[in-house]
>>> print(open('coords_17.cif').read())   # mmCIF, C-alpha atoms
data_input
loop_
_atom_site.label_atom_id
_atom_site.label_comp_id
_atom_site.auth_asym_id
_atom_site.auth_seq_id
_atom_site.Cartn_x
_atom_site.Cartn_y
_atom_site.Cartn_z
CA MET A 1 3.06 -88.74 -6.38
CA MET A 2 4.17 -85.53 -8.04
CA LYS A 3 5.28 -85.98 -11.65
CA GLN A 4 7.97 -83.40 -11.02
CA THR A 5 9.83 -83.42 -7.70
CA SER A 6 9.70 -80.20 -5.71
CA GLN A 7 13.50 -80.10 -5.71
CA SER A 8 13.51 -79.80 -9.52
CA MET A 9 10.65 -77.31 -9.79
CA ASP A 10 11.02 -73.71 -10.85
CA VAL A 11 8.55 -70.94 -10.02
CA SER A 12 6.47 -71.58 -13.13
CA GLY A 13 6.31 -75.30 -12.38
CA ALA A 14 5.32 -74.63 -8.79
CA GLU A 15 2.54 -72.28 -9.85
CA THR A 16 1.20 -74.83 -12.32
CA PHE A 17 1.28 -77.58 -9.71
CA MET A 18 -0.36 -75.38 -7.07
CA SER A 19 -3.15 -74.33 -9.43
CA ALA A 20 -3.99 -77.96 -10.17
CA GLU A 21 -3.71 -78.99 -6.52
CA PHE A 22 -5.90 -76.13 -5.31
CA GLN A 23 -8.53 -77.00 -7.91
CA LEU A 24 -8.41 -80.66 -6.90
CA ARG A 25 -8.86 -79.70 -3.25
CA ASN A 26 -11.55 -77.12 -4.12
CA ILE A 27 -9.84 -74.29 -2.22
CA GLN A 28 -9.26 -70.62 -3.03
CA PRO A 29 -6.16 -69.74 -1.03
CA THR A 30 -5.34 -66.28 0.27
CA GLU A 31 -2.05 -64.68 -0.76
CA PRO A 32 -0.22 -65.73 2.45
CA ILE A 33 -1.31 -69.34 1.88
CA SER A 34 -0.16 -69.28 -1.74
CA ARG A 35 3.21 -67.85 -0.67
CA SER A 36 3.50 -70.58 1.95
CA TRP A 37 2.78 -73.34 -0.54
CA GLN A 38 5.38 -71.89 -2.88
CA ARG A 39 7.96 -71.79 -0.06
CA SER A 40 7.06 -75.35 0.89
CA LEU A 41 7.68 -76.54 -2.66
CA LEU A 42 10.62 -74.40 -3.77
CA LYS A 43 12.47 -73.34 -0.61
CA HIS A 44 11.87 -76.37 1.61
CA GLY A 45 11.62 -79.03 -1.09
CA LEU A 46 8.56 -80.70 0.43
CA ASP A 47 6.20 -83.06 -1.38
CA PRO A 48 2.52 -82.74 -0.35
CA HIS A 49 1.86 -86.33 -1.47
CA ALA A 50 4.57 -87.78 0.76
CA THR A 51 3.98 -89.13 4.26
CA ASN A 52 4.62 -86.55 6.98
CA GLU A 53 4.67 -86.74 10.76
CA VAL A 54 5.10 -83.85 13.16
CA GLU A 55 8.39 -84.06 15.09
CA VAL A 56 7.93 -84.33 18.87
CA LEU A 57 10.82 -83.55 21.22
CA SER A 58 11.73 -85.89 24.06
CA SER A 59 10.81 -85.11 27.69
CA SER A 60 14.40 -84.15 28.53
CA GLU A 61 14.63 -81.84 25.51
CA MET A 62 11.34 -80.19 26.46
CA ARG A 63 12.37 -79.62 30.06
CA LEU A 64 15.29 -77.54 28.83
CA GLN A 65 13.08 -75.59 26.42
CA LEU A 66 10.48 -74.87 29.09
CA GLN A 67 13.16 -73.61 31.50
CA GLN A 68 14.46 -71.21 28.85
CA GLN A 69 10.94 -69.91 28.14
CA GLU A 70 9.81 -69.62 31.77
CA ASP A 71 9.13 -65.85 31.84
CA TYR A 72 7.25 -65.93 28.54
CA LEU A 73 5.24 -68.95 29.67
CA ASN A 74 4.24 -67.48 33.03
CA ILE A 75 2.51 -64.60 31.25
CA ALA A 76 1.27 -66.28 28.08
CA ARG A 77 -0.08 -69.44 29.72
CA GLN A 78 -2.72 -67.39 31.50
CA GLY A 79 -3.89 -65.96 28.18
CA LEU A 80 -4.01 -69.50 26.79
CA THR A 81 -6.15 -70.62 29.73
CA GLY A 82 -8.50 -67.64 29.41
CA LEU A 83 -9.05 -68.28 25.70
CA SER A 84 -9.58 -72.00 26.29
CA LYS A 85 -12.30 -71.35 28.86
CA ARG A 86 -14.28 -69.52 26.20
CA ILE A 87 -13.91 -71.88 23.26
CA ALA A 88 -13.13 -75.37 24.64
CA ASP A 89 -16.81 -76.33 24.77
CA ALA A 90 -16.94 -75.76 21.01
CA GLY A 91 -14.23 -78.39 20.57
CA TYR A 92 -11.22 -76.09 20.24
CA SER A 93 -7.71 -76.94 21.40
CA VAL A 94 -5.56 -73.94 22.33
CA VAL A 95 -1.82 -74.08 21.70
CA LEU A 96 1.03 -71.74 22.64
CA THR A 97 4.35 -71.95 20.80
CA ASP A 98 7.75 -70.29 20.74
CA ALA A 99 9.14 -68.45 17.71
CA SER A 100 10.37 -71.69 16.11
CA GLY A 101 6.93 -73.32 16.14
CA LEU A 102 7.67 -75.55 19.14
CA THR A 103 4.56 -76.23 21.24
CA LEU A 104 5.16 -75.08 24.82
CA ALA A 105 1.68 -75.37 26.34
CA THR A 106 -1.74 -76.72 25.38
CA ASN A 107 -5.32 -76.78 26.66
CA LEU A 108 -7.24 -79.58 24.97
CA PRO A 109 -11.01 -80.18 25.17
CA THR A 110 -11.73 -83.31 27.18
CA ARG A 111 -13.82 -85.06 24.56
CA GLU A 112 -11.23 -84.40 21.81
CA LYS A 113 -8.04 -84.88 23.82
CA VAL A 114 -6.99 -88.19 22.26
CA ARG A 115 -7.74 -87.13 18.68
CA SER A 116 -6.06 -83.75 19.22
CA LYS A 117 -2.85 -85.37 20.43
CA GLU A 118 -2.93 -87.81 17.52
CA SER A 119 -3.16 -84.77 15.21
CA GLY A 120 0.03 -83.31 16.66
CA LEU A 121 -1.52 -80.87 19.14
CA LEU A 122 0.70 -81.76 22.06
CA ILE A 123 3.56 -80.25 24.04
CA GLY A 124 6.88 -80.78 22.29
CA ALA A 125 5.44 -80.90 18.77
CA ARG A 126 7.31 -78.74 16.27
CA TRP A 127 5.10 -77.09 13.64
CA ALA A 128 7.80 -75.21 11.71
CA GLU A 129 6.80 -74.50 8.10
CA ASP A 130 10.08 -75.87 6.74
CA GLN A 131 9.23 -79.25 8.29
CA VAL A 132 5.48 -79.66 7.84
CA GLY A 133 4.73 -77.17 5.07
CA THR A 134 1.77 -74.81 5.14
CA ASN A 135 0.11 -74.96 8.56
CA GLY A 136 -1.43 -72.47 10.95
CA ILE A 137 1.46 -72.16 13.39
CA GLY A 138 4.41 -72.36 11.01
CA THR A 139 2.92 -70.09 8.36
CA CYS A 140 1.78 -67.53 10.94
CA LEU A 141 5.34 -67.32 12.28
CA VAL A 142 6.83 -66.82 8.81
CA GLU A 143 4.22 -64.29 7.65
CA LYS A 144 4.14 -62.61 11.10
CA GLU A 145 0.44 -61.95 10.79
CA SER A 146 -2.80 -63.47 12.02
CA ILE A 147 -4.03 -66.22 9.75
CA ILE A 148 -6.53 -69.03 9.24
CA ILE A 149 -5.37 -72.30 7.70
CA HIS A 150 -8.55 -74.26 7.08
CA ARG A 151 -8.64 -78.00 6.41
CA ASP A 152 -7.32 -78.70 2.85
CA GLU A 153 -5.32 -75.49 2.84
CA HIS A 154 -2.75 -77.42 4.88
CA PHE A 155 0.15 -78.60 2.75
CA TYR A 156 0.00 -82.23 3.88
CA PRO A 157 -3.30 -84.16 3.60
CA SER A 158 -2.59 -85.74 7.01
CA HIS A 159 -3.47 -82.36 8.57
CA ARG A 160 -6.63 -81.74 6.55
CA ASP A 161 -8.98 -82.41 9.49
CA LEU A 162 -7.54 -79.42 11.31
CA SER A 163 -8.80 -75.86 11.10
CA CYS A 164 -6.38 -73.41 12.74
CA SER A 165 -6.79 -69.75 13.73
CA VAL A 166 -3.47 -68.26 14.78
CA THR A 167 -1.98 -64.92 15.82
CA PRO A 168 1.71 -64.06 16.38
CA ILE A 169 2.97 -62.76 19.73
CA PHE A 170 5.64 -60.03 19.83
CA ASP A 171 7.74 -58.69 22.68
CA PRO A 172 8.03 -54.95 23.54
CA MET A 173 11.00 -54.53 21.19
CA GLY A 174 9.01 -55.87 18.26
CA GLU A 175 10.70 -59.29 18.25
CA LEU A 176 8.63 -62.40 17.53
CA ARG A 177 8.20 -64.61 20.61
CA GLY A 178 5.74 -67.22 19.38
CA CYS A 179 2.08 -67.60 18.55
CA LEU A 180 -1.33 -68.43 20.00
CA ASN A 181 -3.37 -70.99 18.10
CA ALA A 182 -6.94 -72.31 18.34
CA SER A 183 -7.50 -75.52 16.38
CA CYS A 184 -10.49 -77.78 15.95
CA LEU A 185 -11.01 -81.09 14.20
CA GLY A 186 -13.66 -81.69 11.57
CA ALA A 187 -14.72 -78.05 11.27
CA ASP A 188 -17.43 -76.89 8.89
CA LYS A 189 -16.28 -76.93 5.26
CA ASN A 190 -16.98 -73.21 5.06
CA ARG A 191 -13.80 -71.29 5.93
CA SER A 192 -15.80 -68.30 7.15
CA SER A 193 -16.92 -70.38 10.13
CA GLN A 194 -13.50 -69.64 11.66
CA PHE A 195 -13.59 -65.84 11.38
CA MET A 196 -15.04 -65.28 14.85
CA THR A 197 -12.55 -67.71 16.38
CA LEU A 198 -9.66 -65.79 14.85
CA GLN A 199 -10.94 -62.55 16.39
CA MET A 200 -10.98 -64.20 19.84
CA VAL A 201 -7.46 -65.52 19.33
CA MET A 202 -6.23 -62.08 18.25
CA MET A 203 -7.82 -60.42 21.28
CA TYR A 204 -6.09 -62.80 23.69
CA GLY A 205 -2.84 -62.47 21.76
CA ARG A 206 -2.92 -58.71 22.28
CA MET A 207 -3.71 -59.18 25.97
CA ILE A 208 -0.66 -61.44 26.31
CA GLU A 209 1.53 -58.87 24.52
CA ASN A 210 0.25 -56.01 26.66
CA SER A 211 0.78 -57.99 29.86
CA TYR A 212 4.27 -58.92 28.67
CA PHE A 213 4.89 -55.21 28.09
CA ARG A 214 3.69 -54.24 31.57
CA LYS A 215 5.87 -56.87 33.20
CA THR A 216 8.93 -55.85 31.22
CA TYR A 217 8.55 -52.15 32.06
CA ARG A 218 7.01 -52.42 35.52
CA ASN A 219 9.78 -50.19 36.94
CA GLN A 220 9.66 -47.57 34.18
CA MET A 221 7.22 -44.88 33.16
CA THR A 222 4.68 -46.16 30.66
CA LEU A 223 2.14 -44.31 28.57
CA ASN A 224 -1.25 -45.54 27.45
CA ILE A 225 -2.39 -43.78 24.25
CA ARG A 226 -5.98 -43.97 23.05
CA PRO A 227 -8.04 -42.12 20.47
CA ALA A 228 -9.91 -39.23 22.06
CA GLU A 229 -13.19 -40.62 20.72
CA SER A 230 -15.50 -42.22 23.26
CA PHE A 231 -15.23 -45.77 21.90
CA PHE A 232 -12.22 -47.65 20.56
CA ASP A 233 -11.06 -51.20 19.97
CA LEU A 234 -9.06 -52.56 22.91
CA ALA A 235 -6.82 -54.40 20.44
CA GLN A 236 -5.65 -51.02 19.15
CA GLU A 237 -4.57 -49.70 22.56
CA GLN A 238 -1.06 -48.25 22.27
CA LEU A 239 1.53 -48.65 25.04
CA LEU A 240 4.91 -46.92 25.17
CA ALA A 241 7.71 -47.17 27.74
CA VAL A 242 9.75 -44.00 28.21
CA ASN A 243 12.81 -43.07 30.24
CA GLU A 244 13.30 -39.86 32.23
CA ARG A 245 14.90 -38.14 29.22
CA GLY A 246 11.73 -38.64 27.23
CA VAL A 247 13.17 -41.36 24.97
CA ILE A 248 10.96 -44.31 24.01
CA THR A 249 12.47 -47.59 25.25
CA GLY A 250 9.76 -50.07 24.28
CA ALA A 251 6.30 -50.42 22.76
CA ASN A 252 3.49 -52.88 22.22
CA ARG A 253 2.53 -54.10 18.77
CA SER A 254 -0.26 -51.57 18.28
CA SER A 255 2.26 -48.77 18.80
CA PHE A 256 4.75 -50.31 16.38
CA PHE A 257 1.98 -50.68 13.80
CA GLU A 258 0.65 -47.16 14.34
CA TYR A 259 3.88 -45.17 14.46
CA SER A 260 6.71 -47.03 12.73
CA SER A 261 5.41 -46.32 9.23
CA LEU A 262 5.03 -42.61 10.07
CA LEU A 263 8.65 -42.18 11.22
CA PRO A 264 11.56 -41.52 8.83
CA THR A 265 12.79 -44.73 7.23
CA ASP A 266 16.06 -44.63 9.18
CA GLN A 267 14.34 -44.02 12.54
CA LEU A 268 13.13 -46.80 14.83
CA LEU A 269 10.34 -46.32 17.36
CA PRO A 270 12.55 -47.39 20.31
CA GLY A 271 15.05 -44.57 20.59
CA SER A 272 12.68 -41.91 19.24
CA ARG A 273 11.67 -38.89 21.32
CA LEU A 274 8.27 -39.11 22.94
CA GLN A 275 7.70 -35.47 21.99
CA ASP A 276 7.83 -36.41 18.30
CA ILE A 277 4.91 -38.78 18.86
CA ILE A 278 2.61 -36.92 21.25
CA GLY A 279 3.67 -33.32 20.71
CA ILE A 280 4.77 -32.49 24.29
CA SER A 281 7.93 -33.21 26.28
CA ILE A 282 8.17 -35.65 29.16
CA ASP A 283 8.37 -32.78 31.65
CA GLU A 284 5.24 -31.18 30.21
CA LEU A 285 3.49 -34.55 30.29
CA LEU A 286 4.37 -35.07 33.95
CA THR A 287 3.17 -31.58 34.82
CA LYS A 288 -0.07 -31.77 32.86
CA THR A 289 -0.94 -35.22 34.26
CA ASN A 290 0.06 -34.20 37.79
CA GLY A 291 2.68 -36.93 37.92
CA GLY A 292 0.41 -39.49 36.29
CA SER A 293 -2.67 -38.76 38.40
CA ASN A 294 -4.76 -37.29 35.58
CA VAL A 295 -5.71 -38.41 32.08
CA ILE A 296 -5.23 -35.65 29.50
CA LYS A 297 -5.98 -35.00 25.85
CA VAL A 298 -3.44 -33.55 23.41
CA TYR A 299 -3.06 -33.14 19.65
CA SER A 300 -0.61 -35.61 18.10
CA PRO A 301 1.57 -34.05 15.35
CA LEU A 302 2.27 -37.52 13.98
CA LEU A 303 -1.28 -38.87 13.90
CA LEU A 304 -2.82 -35.47 13.13
CA GLU A 305 -5.62 -36.11 15.62
CA GLU A 306 -6.48 -35.65 19.27
CA ILE A 307 -5.38 -38.46 21.58
CA GLU A 308 -5.94 -39.37 25.22
CA LEU A 309 -2.90 -39.98 27.41
CA ALA A 310 -2.70 -41.90 30.67
CA LEU A 311 0.76 -41.89 32.25
CA ARG A 312 1.83 -44.53 34.74
CA VAL A 313 4.71 -43.54 37.04
CA PRO A 314 6.08 -46.50 39.04
CA GLY A 315 6.39 -46.19 42.79
CA SER A 316 6.07 -42.66 44.16
CA ARG A 317 7.60 -39.96 41.98
CA SER A 318 7.40 -36.21 42.01
CA VAL A 319 7.95 -33.44 39.52
CA ALA A 320 10.36 -30.72 40.57
CA SER A 321 12.40 -28.11 38.64
CA GLY A 322 11.34 -29.64 35.33
CA SER A 323 12.79 -33.06 36.15
CA VAL A 324 11.57 -36.33 37.58
CA ARG A 325 12.79 -37.33 41.04
CA THR A 326 12.28 -40.74 42.50
CA ALA A 327 10.88 -40.35 45.98
CA ALA A 328 10.34 -44.02 46.65
CA LYS A 329 9.77 -47.23 44.77
CA ALA A 330 6.74 -49.39 45.34
CA ALA A 331 7.42 -53.07 45.77
CA SER A 332 7.16 -54.91 42.47
CA PRO A 333 4.74 -57.85 42.41
CA LEU A 334 7.61 -59.95 41.09
CA THR A 335 9.92 -59.38 44.04
CA SER A 336 8.11 -62.00 46.07
CA GLY A 337 9.08 -64.63 43.53
CA LYS A 338 5.46 -65.08 42.49
CA HIS A 339 4.63 -64.18 38.90
CA PRO A 340 1.69 -61.78 38.58
CA SER A 341 -1.52 -62.73 36.87
CA LEU A 342 -2.83 -61.11 33.70
CA ASN A 343 -5.24 -59.12 35.85
CA GLU A 344 -2.42 -57.78 38.04
CA LEU A 345 -0.32 -56.82 35.07
CA SER A 346 -3.28 -55.18 33.36
CA GLY A 347 -3.55 -52.62 36.16
CA GLU A 348 -6.83 -51.00 36.96
CA ASP A 349 -8.15 -50.79 33.40
CA PRO A 350 -11.47 -52.73 33.56
CA ARG A 351 -11.25 -53.57 29.85
CA MET A 352 -8.14 -55.66 30.50
CA GLN A 353 -9.74 -57.65 33.31
#
>>> encode(input="coords_17.cif", output="structure tokens")
Amino acid sequence: MMKQTSQSMDVSGAETFMSAEFQLRNIQPTEPISRSWQRSLLKHGLDPHATNEVEVLSSSEMRLQLQQQEDYLNIARQGLTGLSKRIADAGYSVVLTDASGLTLATNLPTREKVRSKESGLLIGARWAEDQVGTNGIGTCLVEKESIIIHRDEHFYPSHRDLSCSVTPIFDPMGELRGCLNASCLGADKNRSSQFMTLQMVMMYGRMIENSYFRKTYRNQMTLNIRPAESFFDLAQEQLLAVNERGVITGANRSSFFEYSSLLPTDQLLPGSRLQDIIGISIDELLTKTNGGSNVIKVYSPLLLEEIELALRVPGSRSVASGSVRTAAKAASPLTSGKHPSLNELSGEDPRMQ
């Protein structure tokens, strides 16, 4: 047991303890992992040498949680399934959680199903950092960034067989909704063995976010912004929702990352004028794209580079007298009561299929 309880530790004591523990475990933690260990010791008062079990909600409690998360689940579950199809044969379990670290859905490899559940990879398990210390899901949600927690980097030794690659999932207003996690048991001791897995998880996380965006703004004009160069990373695709006054009403994470730091400190991306981002007004954009029929290239005054713009106008709209008139609305795929697939929400872009 710890000679000094975590409740009585100060920062210096925690750093001394962590240094000794990391050396004992033969790990070289990244900064996010070190911060998480410090929170676990000082903020949450956890003891890494104590017994710990992951809390699992009852069936009735989970039914209520799943009902509340239905819209999120109907989009994100398809991303979970797609990722699982590509990595399950390598022994990976794929887990989807909400913003509190509660497991909402899982896809477990058949040969590892029993062991995975025994390790806490099951629906209803709560992986919040303040309950189980440093772990892939909980630490990802606190840090709000993609992360690997590999074997002994976990706070509690009972989780040391797990290697977790996790990415957060944000909604179109930049709010955290949960995370997507790929975990395996008994992974190679070398942490770098998980780098490729994390890239796969991040790619599917962005696909879930972009599909969530398209569902949310299916009845509004949306803009796809890409670098004008011939090749770009799909994960960096920027999506903006805009109203008929040219005001941005929502964005995907790539857009928040790209533009928020370039705006004045007191200005948020939602609520900003589209013209400030792309250099032309909404009316000019509609005219130049022929109501969304054409892809165009313009110079962005914010990015200081040429960008490619693809405007999506819902239903059938026309441009007249410098304003947008709604001629008719196409039926939304959600009006039938059936939730669209990731492919439907991704539109006709072959890279999203």
>>> resolve_selection(input="coords_17.cif", expression="the PyMOL selection byres ((chain A and resi 292-301) around 10)", output="CSV table (one decimal) with C-alpha atoms, in the frame of the given file")
chain,number,residue,atom,x,y,z
A,221,MET,CA,7.2,-44.9,33.2
A,222,THR,CA,4.7,-46.2,30.7
A,223,LEU,CA,2.1,-44.3,28.6
A,224,ASN,CA,-1.2,-45.5,27.4
A,225,ILE,CA,-2.4,-43.8,24.2
A,226,ARG,CA,-6.0,-44.0,23.0
A,227,PRO,CA,-8.0,-42.1,20.5
A,228,ALA,CA,-9.9,-39.2,22.1
A,275,GLN,CA,7.7,-35.5,22.0
A,276,ASP,CA,7.8,-36.4,18.3
A,277,ILE,CA,4.9,-38.8,18.9
A,278,ILE,CA,2.6,-36.9,21.2
A,279,GLY,CA,3.7,-33.3,20.7
A,280,ILE,CA,4.8,-32.5,24.3
A,285,LEU,CA,3.5,-34.6,30.3
A,286,LEU,CA,4.4,-35.1,34.0
A,287,THR,CA,3.2,-31.6,34.8
A,288,LYS,CA,-0.1,-31.8,32.9
A,289,THR,CA,-0.9,-35.2,34.3
A,290,ASN,CA,0.1,-34.2,37.8
A,291,GLY,CA,2.7,-36.9,37.9
A,302,LEU,CA,2.3,-37.5,14.0
A,303,LEU,CA,-1.3,-38.9,13.9
A,304,LEU,CA,-2.8,-35.5,13.1
A,305,GLU,CA,-5.6,-36.1,15.6
A,306,GLU,CA,-6.5,-35.6,19.3
A,307,ILE,CA,-5.4,-38.5,21.6
A,308,GLU,CA,-5.9,-39.4,25.2
A,309,LEU,CA,-2.9,-40.0,27.4
A,310,ALA,CA,-2.7,-41.9,30.7
A,311,LEU,CA,0.8,-41.9,32.2
A,312,ARG,CA,1.8,-44.5,34.7
A,313,VAL,CA,4.7,-43.5,37.0
A,314,PRO,CA,6.1,-46.5,39.0
A,317,ARG,CA,7.6,-40.0,42.0
A,318,SER,CA,7.4,-36.2,42.0
>>> closest_residue(input="coords_17.cif", among="A:Ser281, A:Thr51, A:Thr216, A:Ser119", to="Cys184 of chain A", atoms="all atoms listed in the file")
A:Ser119
>>> resolve_selection(input="coords_17.cif", expression="the PyMOL selection byres ((chain A and resi 40) around 10)", output="mmCIF file with C-alpha atoms, in the coordinates of the input")
data_model
loop_
_atom_site.group_PDB
_atom_site.id
_atom_site.type_symbol
_atom_site.label_atom_id
_atom_site.label_comp_id
_atom_site.auth_asym_id
_atom_site.auth_seq_id
_atom_site.Cartn_x
_atom_site.Cartn_y
_atom_site.Cartn_z
ATOM 1 C CA SER A 6 9.700 -80.200 -5.710
ATOM 2 C CA ALA A 14 5.320 -74.630 -8.790
ATOM 3 C CA SER A 34 -0.160 -69.280 -1.740
ATOM 4 C CA ARG A 35 3.210 -67.850 -0.670
ATOM 5 C CA SER A 36 3.500 -70.580 1.950
ATOM 6 C CA TRP A 37 2.780 -73.340 -0.540
ATOM 7 C CA GLN A 38 5.380 -71.890 -2.880
ATOM 8 C CA ARG A 39 7.960 -71.790 -0.060
ATOM 9 C CA LEU A 41 7.680 -76.540 -2.660
ATOM 10 C CA LEU A 42 10.620 -74.400 -3.770
ATOM 11 C CA LYS A 43 12.470 -73.340 -0.610
ATOM 12 C CA HIS A 44 11.870 -76.370 1.610
ATOM 13 C CA GLY A 45 11.620 -79.030 -1.090
ATOM 14 C CA LEU A 46 8.560 -80.700 0.430
ATOM 15 C CA ASP A 47 6.200 -83.060 -1.380
ATOM 16 C CA PRO A 48 2.520 -82.740 -0.350
ATOM 17 C CA GLU A 129 6.800 -74.500 8.100
ATOM 18 C CA ASP A 130 10.080 -75.870 6.740
ATOM 19 C CA GLN A 131 9.230 -79.250 8.290
ATOM 20 C CA VAL A 132 5.480 -79.660 7.840
ATOM 21 C CA GLY A 133 4.730 -77.170 5.070
ATOM 22 C CA THR A 134 1.770 -74.810 5.140
ATOM 23 C CA PHE A 155 0.150 -78.600 2.750
#
>>> resolve_selection(input="coords_17.cif", expression="the PyMOL selection byres ((chain A and resi 75) around 7)", output="PyMOL selection string")
chain A and resi 71-74+76-78+208+211-212+342
>>> atom_distance(input="coords_17.cif", atom1="atom CA of Ala241 of chain A", atom2="atom CA of Gln199 of chain A")
26.7 Å
>>> atom_distance(input="coords_17.cif", atom1="atom CA of Ser261 of chain A", atom2="atom CA of Tyr217 of chain A")
23.8 Å
>>> residues_around(input="coords_17.cif", residues="His159 of chain A", least_positions_apart="2", cutoff="12 Å", atoms="all atoms listed in the file", output="PyMOL selection string")
chain A and resi 48+51-54+115-116+118-121+127+132-136+149-157+161-164+183-186
>>> write_last_selection(input="coords_17.cif", atoms="C-alpha atoms", output="mmCIF file, in the coordinates of the input")
data_model
loop_
_atom_site.group_PDB
_atom_site.id
_atom_site.type_symbol
_atom_site.label_atom_id
_atom_site.label_comp_id
_atom_site.auth_asym_id
_atom_site.auth_seq_id
_atom_site.Cartn_x
_atom_site.Cartn_y
_atom_site.Cartn_z
ATOM 1 C CA PRO A 48 2.520 -82.740 -0.350
ATOM 2 C CA THR A 51 3.980 -89.130 4.260
ATOM 3 C CA ASN A 52 4.620 -86.550 6.980
ATOM 4 C CA GLU A 53 4.670 -86.740 10.760
ATOM 5 C CA VAL A 54 5.100 -83.850 13.160
ATOM 6 C CA ARG A 115 -7.740 -87.130 18.680
ATOM 7 C CA SER A 116 -6.060 -83.750 19.220
ATOM 8 C CA GLU A 118 -2.930 -87.810 17.520
ATOM 9 C CA SER A 119 -3.160 -84.770 15.210
ATOM 10 C CA GLY A 120 0.030 -83.310 16.660
ATOM 11 C CA LEU A 121 -1.520 -80.870 19.140
ATOM 12 C CA TRP A 127 5.100 -77.090 13.640
ATOM 13 C CA VAL A 132 5.480 -79.660 7.840
ATOM 14 C CA GLY A 133 4.730 -77.170 5.070
ATOM 15 C CA THR A 134 1.770 -74.810 5.140
ATOM 16 C CA ASN A 135 0.110 -74.960 8.560
ATOM 17 C CA GLY A 136 -1.430 -72.470 10.950
ATOM 18 C CA ILE A 149 -5.370 -72.300 7.700
ATOM 19 C CA HIS A 150 -8.550 -74.260 7.080
ATOM 20 C CA ARG A 151 -8.640 -78.000 6.410
ATOM 21 C CA ASP A 152 -7.320 -78.700 2.850
ATOM 22 C CA GLU A 153 -5.320 -75.490 2.840
ATOM 23 C CA HIS A 154 -2.750 -77.420 4.880
ATOM 24 C CA PHE A 155 0.150 -78.600 2.750
ATOM 25 C CA TYR A 156 0.000 -82.230 3.880
ATOM 26 C CA PRO A 157 -3.300 -84.160 3.600
ATOM 27 C CA ASP A 161 -8.980 -82.410 9.490
ATOM 28 C CA LEU A 162 -7.540 -79.420 11.310
ATOM 29 C CA SER A 163 -8.800 -75.860 11.100
ATOM 30 C CA CYS A 164 -6.380 -73.410 12.740
ATOM 31 C CA SER A 183 -7.500 -75.520 16.380
ATOM 32 C CA CYS A 184 -10.490 -77.780 15.950
ATOM 33 C CA LEU A 185 -11.010 -81.090 14.200
ATOM 34 C CA GLY A 186 -13.660 -81.690 11.570
#
>>> atom_distance(input="coords_17.cif", atom1="atom CA of Asp188 of chain A", atom2="atom CA of Ser158 of chain A")
17.4 Å
>>> closest_residue(input="coords_17.cif", among="A:Ser58, A:Glu143, A:Arg160, A:Arg63", to="Ile27 of chain A", atoms="all atoms listed in the file")
A:Arg160
